[in-house]
>>> print(open('final_10.txt').read())   # compact mmCIF, C-alpha atoms
# COMPACT_ATOMS: atom_id res chain seq x y z
CA MET A 1 -9.24 11.13 28.45
CA LYS A 2 -8.25 13.59 25.70
CA LEU A 3 -5.16 11.50 25.03
CA LEU A 4 -7.27 8.36 24.64
CA ILE A 5 -9.67 10.09 22.23
CA GLY A 6 -6.71 11.38 20.22
CA ALA A 7 -5.18 7.90 20.05
CA ILE A 8 -8.47 6.39 18.90
CA ALA A 9 -8.89 9.07 16.23
CA ALA A 10 -5.33 8.52 15.00
CA ALA A 11 -5.86 4.76 14.83
CA ALA A 12 -9.09 5.23 12.89
CA LEU A 13 -7.37 7.56 10.43
CA MET A 14 -4.52 5.10 9.93
CA SER A 15 -6.96 2.27 9.24
CA VAL A 16 -8.69 4.32 6.54
CA THR A 17 -5.52 5.48 4.81
CA MET A 18 -3.63 2.21 5.13
CA ALA A 19 -6.44 -0.18 4.23
CA PRO A 20 -5.74 -2.06 1.01
CA ALA A 21 -7.53 -0.51 -1.93
CA LYS A 22 -8.72 -2.05 -5.13
CA ALA A 23 -6.96 -0.54 -8.12
CA ALA A 24 -8.62 -1.13 -11.45
CA SER A 25 -5.58 -1.07 -13.69
CA PHE A 26 -3.37 -3.46 -11.72
CA SER A 27 -3.58 -6.04 -8.95
CA CYS A 28 -2.99 -5.00 -5.35
CA MET A 29 -2.71 -8.62 -4.25
CA GLU A 30 1.03 -8.96 -4.91
CA LEU A 31 2.91 -5.71 -4.31
CA GLU A 32 6.46 -7.02 -4.04
CA GLY A 33 8.53 -5.54 -6.84
CA ARG A 34 5.84 -3.03 -7.83
CA PRO A 35 6.72 0.65 -8.24
CA ALA A 36 6.35 2.65 -5.01
CA ALA A 37 3.59 4.76 -6.60
CA GLU A 38 1.48 1.65 -7.27
CA VAL A 39 1.97 0.46 -3.69
CA ARG A 40 0.79 3.89 -2.51
CA VAL A 41 -2.29 3.66 -4.78
CA CYS A 42 -3.13 0.30 -3.21
CA GLN A 43 -2.79 1.79 0.29
CA SER A 44 -5.13 4.71 -0.37
CA ARG A 45 -8.82 4.42 -1.12
CA TRP A 46 -8.75 7.92 -2.62
CA LEU A 47 -5.92 7.08 -5.02
CA GLY A 48 -7.47 3.68 -5.75
CA SER A 49 -10.68 5.44 -6.73
CA LEU A 50 -8.75 7.77 -9.04
CA ASP A 51 -7.05 4.73 -10.58
CA GLU A 52 -10.46 3.19 -11.29
CA ARG A 53 -11.67 6.41 -12.93
CA MET A 54 -8.49 6.72 -14.99
CA ASP A 55 -8.74 3.10 -16.11
CA SER A 56 -12.34 3.63 -17.22
CA TRP A 57 -11.38 6.67 -19.30
CA TYR A 58 -8.32 4.85 -20.69
CA ARG A 59 -10.50 1.98 -21.91
CA ARG A 60 -12.89 4.46 -23.53
CA ALA A 61 -9.96 6.23 -25.17
CA LEU A 62 -8.66 2.93 -26.57
CA GLU A 63 -12.10 2.14 -28.00
CA ARG A 64 -12.26 5.58 -29.59
CA ALA A 65 -8.67 5.30 -30.88
CA ARG A 66 -9.51 2.14 -32.83
CA TYR A 67 -11.74 4.17 -35.14
CA PHE A 68 -8.86 6.49 -36.01
CA ASP A 69 -6.02 3.94 -36.03
CA GLN A 70 -4.46 5.64 -32.98
CA THR A 71 -4.30 2.81 -30.44
CA GLY A 72 -0.50 2.82 -30.58
CA LYS A 73 -0.46 6.54 -29.78
CA VAL A 74 -2.85 6.18 -26.83
CA ARG A 75 -0.88 3.21 -25.43
CA SER A 76 2.42 5.05 -25.81
CA GLU A 77 1.02 8.08 -23.99
CA GLN A 78 -0.21 5.77 -21.22
CA ARG A 79 3.26 4.24 -20.81
CA ASP A 80 4.77 7.74 -20.64
CA TRP A 81 2.16 8.75 -18.06
CA MET A 82 2.89 5.64 -15.95
CA ALA A 83 6.60 6.51 -15.93
CA ALA A 84 5.78 10.06 -14.79
CA ARG A 85 3.39 8.76 -12.10
CA ASN A 86 5.98 6.25 -10.90
CA ALA A 87 8.53 9.08 -10.60
CA CYS A 88 6.31 10.45 -7.80
CA GLY A 89 7.45 7.62 -5.54
CA THR A 90 5.08 7.54 -2.57
CA GLY A 91 4.16 11.24 -2.75
CA PHE A 92 0.38 11.33 -2.34
CA PHE A 93 -0.18 14.78 -3.85
CA CYS A 94 2.16 14.12 -6.79
CA ILE A 95 0.36 10.85 -7.58
CA ARG A 96 -3.03 12.54 -7.14
CA ARG A 97 -2.04 15.33 -9.54
CA ALA A 98 -0.77 12.78 -12.07
CA TYR A 99 -4.10 10.92 -11.98
CA LEU A 100 -6.21 14.07 -12.20
CA ASN A 101 -4.20 15.32 -15.19
CA ARG A 102 -4.37 11.96 -16.96
CA ILE A 103 -8.12 11.67 -16.40
CA ARG A 104 -8.54 15.18 -17.84
CA ASP A 105 -6.42 14.32 -20.89
CA LEU A 106 -8.20 11.02 -21.56
CA LYS A 107 -11.62 12.60 -21.12
CA ASN A 108 -10.65 15.37 -23.53
CA TYR A 109 -9.45 12.79 -26.08
CA VAL A 110 -12.66 10.75 -25.85
CA GLU A 111 -14.93 13.77 -26.08
CA HIS A 112 -13.12 15.71 -28.80
CA VAL A 113 -11.45 13.26 -31.18
>>> encode(input="final_10.txt", output="C-alpha cells")
Amino acid sequence: MKLLIGAIAAAALMSVTMAPAKAASFSCMELEGRPAAEVRVCQSRWLGSLDERMDSWYRRALERARYFDQTGKVRSEQRDWMAARNACGTGFFCIRRAYLNRIRDLKNYVEHV
C-alpha cells in the first residue's frame, strides 16, 4: 500500500513539473530547435511564471527607456541576459537565479531611472 501511495505521489509530482507552461516572452508551442533553457521554462510552471514576470518588467523598462533614448541599451542587456540564461542548459536553479536577478535589475531600472 505504501508503495502504491508513493507511486501515485511521484506521478502527481511529475505531472506538475512536466506540464507545459505558458511563457510570456516566447512560444512554448514549437520547442524543436529552441535553447534547452527555454524548453525547461516551458516544462516548469514556476519558471514559466518567472518568465511572465520578467517579460512584464522588460516591457516596462523598454517604455521607460524610450524617454531617455536608451532602448538600444535595454535590448542589448536583454540579449546578453538571454545568452547567460541559455548557458544554464536545463539547470532549474541556474535558470531560476537568472530570472530572479534579471527581474531585480529591470525593476531597479524602471523605478530609479
>>> axis_aligned_box(input="final_10.txt", around="stretch 73-79 of chain A", padding_each_side="5 Å", output="lines of an AutoDock Vina configuration file")
center_x = 0.2
center_y = 5.6
center_z = -25.3
size_x = 16.1
size_y = 14.9
size_z = 19.0
>>> atom_distance(input="final_10.txt", atom1="atom CA of A:Gln78", atom2="atom CA of A:Cys28")
19.4 Å
>>> closest_residue(input="final_10.txt", among="A:Ser25, A:Thr71, A:Ser76, A:Thr90", to="A:Val39", atoms="all atoms listed in the file")
A:Thr90
>>> closest_residue(input="final_10.txt", among="A:Tyr67, A:Trp46, A:Trp81, A:Tyr58", to="A:Tyr109", atoms="only C-alpha atoms")
A:Tyr58
>>> closest_residue(input="final_10.txt", among="A:Pro35, A:Arg104, A:Arg66, A:Tyr99", to="A:Glu52", atoms="all atoms listed in the file")
A:Tyr99
>>> atom_distance(input="final_10.txt", atom1="atom CA of A:Gln70", atom2="atom CA of A:Val110")
12.0 Å
>>> closest_residue(input="final_10.txt", among="A:Ala36, A:Ala24, A:Cys94, A:Met82", to="A:Ser56", atoms="only C-alpha atoms")
A:Ala24
>>> residues_around(input="final_10.txt", residues="A:Lys107", least_positions_apart="3", cutoff="12 Å", atoms="only C-alpha atoms", output="ChimeraX atom specification")
/A:53-62,64,99-104,110-113
>>> atom_distance(input="final_10.txt", atom1="atom CA of A:Arg75", atom2="atom CA of A:Ser27")
19.1 Å
>>> closest_residue(input="final_10.txt", among="A:Glu32, A:Asn108, A:Phe26, A:Glu38", to="A:Arg85", atoms="only C-alpha atoms")
A:Glu38
>>> closest_residue(input="final_10.txt", among="A:Gly72, A:Leu31, A:Val41, A:Ala23", to="A:Ala98", atoms="only C-alpha atoms")
A:Val41
>>> build_atoms(input="final_10.txt", residues="stretch 50-85 of chain A", atoms="N, CA and C atoms", output="PDB file, in the frame of the given file")
ATOM      1  N   LEU A  50      -9.243   7.047  -7.866  1.00  0.00           N
ATOM      2  CA  LEU A  50      -8.750   7.770  -9.040  1.00  0.00           C
ATOM      3  C   LEU A  50      -8.221   6.802 -10.089  1.00  0.00           C
ATOM      4  N   ASP A  51      -7.560   5.738  -9.642  1.00  0.00           N
ATOM      5  CA  ASP A  51      -7.050   4.730 -10.580  1.00  0.00           C
ATOM      6  C   ASP A  51      -8.205   4.078 -11.335  1.00  0.00           C
ATOM      7  N   GLU A  52      -9.287   3.781 -10.638  1.00  0.00           N
ATOM      8  CA  GLU A  52     -10.460   3.190 -11.290  1.00  0.00           C
ATOM      9  C   GLU A  52     -11.038   4.141 -12.331  1.00  0.00           C
ATOM     10  N   ARG A  53     -11.155   5.421 -11.984  1.00  0.00           N
ATOM     11  CA  ARG A  53     -11.670   6.410 -12.930  1.00  0.00           C
ATOM     12  C   ARG A  53     -10.759   6.545 -14.142  1.00  0.00           C
ATOM     13  N   MET A  54      -9.441   6.606 -13.891  1.00  0.00           N
ATOM     14  CA  MET A  54      -8.490   6.720 -14.990  1.00  0.00           C
ATOM     15  C   MET A  54      -8.572   5.514 -15.895  1.00  0.00           C
ATOM     16  N   ASP A  55      -8.666   4.320 -15.316  1.00  0.00           N
ATOM     17  CA  ASP A  55      -8.740   3.100 -16.110  1.00  0.00           C
ATOM     18  C   ASP A  55      -9.990   3.092 -16.984  1.00  0.00           C
ATOM     19  N   SER A  56     -11.095   3.557 -16.453  1.00  0.00           N
ATOM     20  CA  SER A  56     -12.340   3.630 -17.220  1.00  0.00           C
ATOM     21  C   SER A  56     -12.179   4.570 -18.422  1.00  0.00           C
ATOM     22  N   TRP A  57     -11.605   5.735 -18.197  1.00  0.00           N
ATOM     23  CA  TRP A  57     -11.380   6.670 -19.300  1.00  0.00           C
ATOM     24  C   TRP A  57     -10.348   6.141 -20.287  1.00  0.00           C
ATOM     25  N   TYR A  58      -9.328   5.436 -19.797  1.00  0.00           N
ATOM     26  CA  TYR A  58      -8.320   4.850 -20.690  1.00  0.00           C
ATOM     27  C   TYR A  58      -8.955   3.819 -21.612  1.00  0.00           C
ATOM     28  N   ARG A  59      -9.820   2.983 -21.075  1.00  0.00           N
ATOM     29  CA  ARG A  59     -10.500   1.980 -21.910  1.00  0.00           C
ATOM     30  C   ARG A  59     -11.382   2.650 -22.954  1.00  0.00           C
ATOM     31  N   ARG A  60     -12.071   3.714 -22.562  1.00  0.00           N
ATOM     32  CA  ARG A  60     -12.890   4.460 -23.530  1.00  0.00           C
ATOM     33  C   ARG A  60     -12.018   5.088 -24.611  1.00  0.00           C
ATOM     34  N   ALA A  61     -10.872   5.623 -24.205  1.00  0.00           N
ATOM     35  CA  ALA A  61      -9.960   6.230 -25.170  1.00  0.00           C
ATOM     36  C   ALA A  61      -9.431   5.193 -26.154  1.00  0.00           C
ATOM     37  N   LEU A  62      -9.117   3.992 -25.663  1.00  0.00           N
ATOM     38  CA  LEU A  62      -8.660   2.930 -26.570  1.00  0.00           C
ATOM     39  C   LEU A  62      -9.748   2.543 -27.560  1.00  0.00           C
ATOM     40  N   GLU A  63     -10.989   2.449 -27.087  1.00  0.00           N
ATOM     41  CA  GLU A  63     -12.100   2.140 -28.000  1.00  0.00           C
ATOM     42  C   GLU A  63     -12.220   3.220 -29.067  1.00  0.00           C
ATOM     43  N   ARG A  64     -12.151   4.458 -28.651  1.00  0.00           N
ATOM     44  CA  ARG A  64     -12.260   5.580 -29.590  1.00  0.00           C
ATOM     45  C   ARG A  64     -11.075   5.578 -30.555  1.00  0.00           C
ATOM     46  N   ALA A  65      -9.886   5.282 -30.058  1.00  0.00           N
ATOM     47  CA  ALA A  65      -8.670   5.300 -30.880  1.00  0.00           C
ATOM     48  C   ALA A  65      -8.718   4.276 -31.997  1.00  0.00           C
ATOM     49  N   ARG A  66      -9.416   3.174 -31.788  1.00  0.00           N
ATOM     50  CA  ARG A  66      -9.510   2.140 -32.830  1.00  0.00           C
ATOM     51  C   ARG A  66     -10.135   2.688 -34.111  1.00  0.00           C
ATOM     52  N   TYR A  67     -11.072   3.598 -33.967  1.00  0.00           N
ATOM     53  CA  TYR A  67     -11.740   4.170 -35.140  1.00  0.00           C
ATOM     54  C   TYR A  67     -10.809   5.058 -35.957  1.00  0.00           C
ATOM     55  N   PHE A  68      -9.772   5.564 -35.344  1.00  0.00           N
ATOM     56  CA  PHE A  68      -8.860   6.490 -36.010  1.00  0.00           C
ATOM     57  C   PHE A  68      -7.450   5.928 -36.145  1.00  0.00           C
ATOM     58  N   ASP A  69      -7.311   4.619 -35.934  1.00  0.00           N
ATOM     59  CA  ASP A  69      -6.020   3.940 -36.030  1.00  0.00           C
ATOM     60  C   ASP A  69      -4.967   4.638 -35.154  1.00  0.00           C
ATOM     61  N   GLN A  70      -5.358   4.940 -33.906  1.00  0.00           N
ATOM     62  CA  GLN A  70      -4.460   5.640 -32.980  1.00  0.00           C
ATOM     63  C   GLN A  70      -4.222   4.855 -31.687  1.00  0.00           C
ATOM     64  N   THR A  71      -4.488   3.557 -31.688  1.00  0.00           N
ATOM     65  CA  THR A  71      -4.300   2.810 -30.440  1.00  0.00           C
ATOM     66  C   THR A  71      -2.842   2.830 -29.984  1.00  0.00           C
ATOM     67  N   GLY A  72      -1.919   2.772 -30.932  1.00  0.00           N
ATOM     68  CA  GLY A  72      -0.500   2.820 -30.580  1.00  0.00           C
ATOM     69  C   GLY A  72      -0.144   4.128 -29.884  1.00  0.00           C
ATOM     70  N   LYS A  73      -0.701   5.220 -30.373  1.00  0.00           N
ATOM     71  CA  LYS A  73      -0.460   6.540 -29.780  1.00  0.00           C
ATOM     72  C   LYS A  73      -1.009   6.606 -28.359  1.00  0.00           C
ATOM     73  N   VAL A  74      -2.232   6.138 -28.156  1.00  0.00           N
ATOM     74  CA  VAL A  74      -2.850   6.180 -26.830  1.00  0.00           C
ATOM     75  C   VAL A  74      -2.074   5.290 -25.856  1.00  0.00           C
ATOM     76  N   ARG A  75      -1.661   4.112 -26.300  1.00  0.00           N
ATOM     77  CA  ARG A  75      -0.880   3.210 -25.430  1.00  0.00           C
ATOM     78  C   ARG A  75       0.481   3.805 -25.078  1.00  0.00           C
ATOM     79  N   SER A  76       1.126   4.429 -26.055  1.00  0.00           N
ATOM     80  CA  SER A  76       2.420   5.050 -25.810  1.00  0.00           C
ATOM     81  C   SER A  76       2.302   6.195 -24.803  1.00  0.00           C
ATOM     82  N   GLU A  77       1.254   6.997 -24.946  1.00  0.00           N
ATOM     83  CA  GLU A  77       1.020   8.080 -23.990  1.00  0.00           C
ATOM     84  C   GLU A  77       0.752   7.533 -22.590  1.00  0.00           C
ATOM     85  N   GLN A  78       0.067   6.388 -22.521  1.00  0.00           N
ATOM     86  CA  GLN A  78      -0.210   5.770 -21.220  1.00  0.00           C
ATOM     87  C   GLN A  78       1.082   5.286 -20.563  1.00  0.00           C
ATOM     88  N   ARG A  79       1.964   4.687 -21.355  1.00  0.00           N
ATOM     89  CA  ARG A  79       3.260   4.240 -20.810  1.00  0.00           C
ATOM     90  C   ARG A  79       4.068   5.436 -20.302  1.00  0.00           C
ATOM     91  N   ASP A  80       4.059   6.530 -21.072  1.00  0.00           N
ATOM     92  CA  ASP A  80       4.770   7.740 -20.640  1.00  0.00           C
ATOM     93  C   ASP A  80       4.169   8.276 -19.342  1.00  0.00           C
ATOM     94  N   TRP A  81       2.830   8.267 -19.270  1.00  0.00           N
ATOM     95  CA  TRP A  81       2.160   8.750 -18.060  1.00  0.00           C
ATOM     96  C   TRP A  81       2.518   7.868 -16.857  1.00  0.00           C
ATOM     97  N   MET A  82       2.543   6.554 -17.049  1.00  0.00           N
ATOM     98  CA  MET A  82       2.890   5.640 -15.950  1.00  0.00           C
ATOM     99  C   MET A  82       4.299   5.923 -15.442  1.00  0.00           C
ATOM    100  N   ALA A  83       5.228   6.189 -16.349  1.00  0.00           N
ATOM    101  CA  ALA A  83       6.600   6.510 -15.930  1.00  0.00           C
ATOM    102  C   ALA A  83       6.621   7.793 -15.113  1.00  0.00           C
ATOM    103  N   ALA A  84       5.843   8.794 -15.533  1.00  0.00           N
ATOM    104  CA  ALA A  84       5.780  10.060 -14.790  1.00  0.00           C
ATOM    105  C   ALA A  84       5.129   9.844 -13.422  1.00  0.00           C
ATOM    106  N   ARG A  85       4.047   9.054 -13.381  1.00  0.00           N
ATOM    107  CA  ARG A  85       3.390   8.760 -12.100  1.00  0.00           C
ATOM    108  C   ARG A  85       4.345   8.011 -11.177  1.00  0.00           C
TER     109      ARG A  85
END
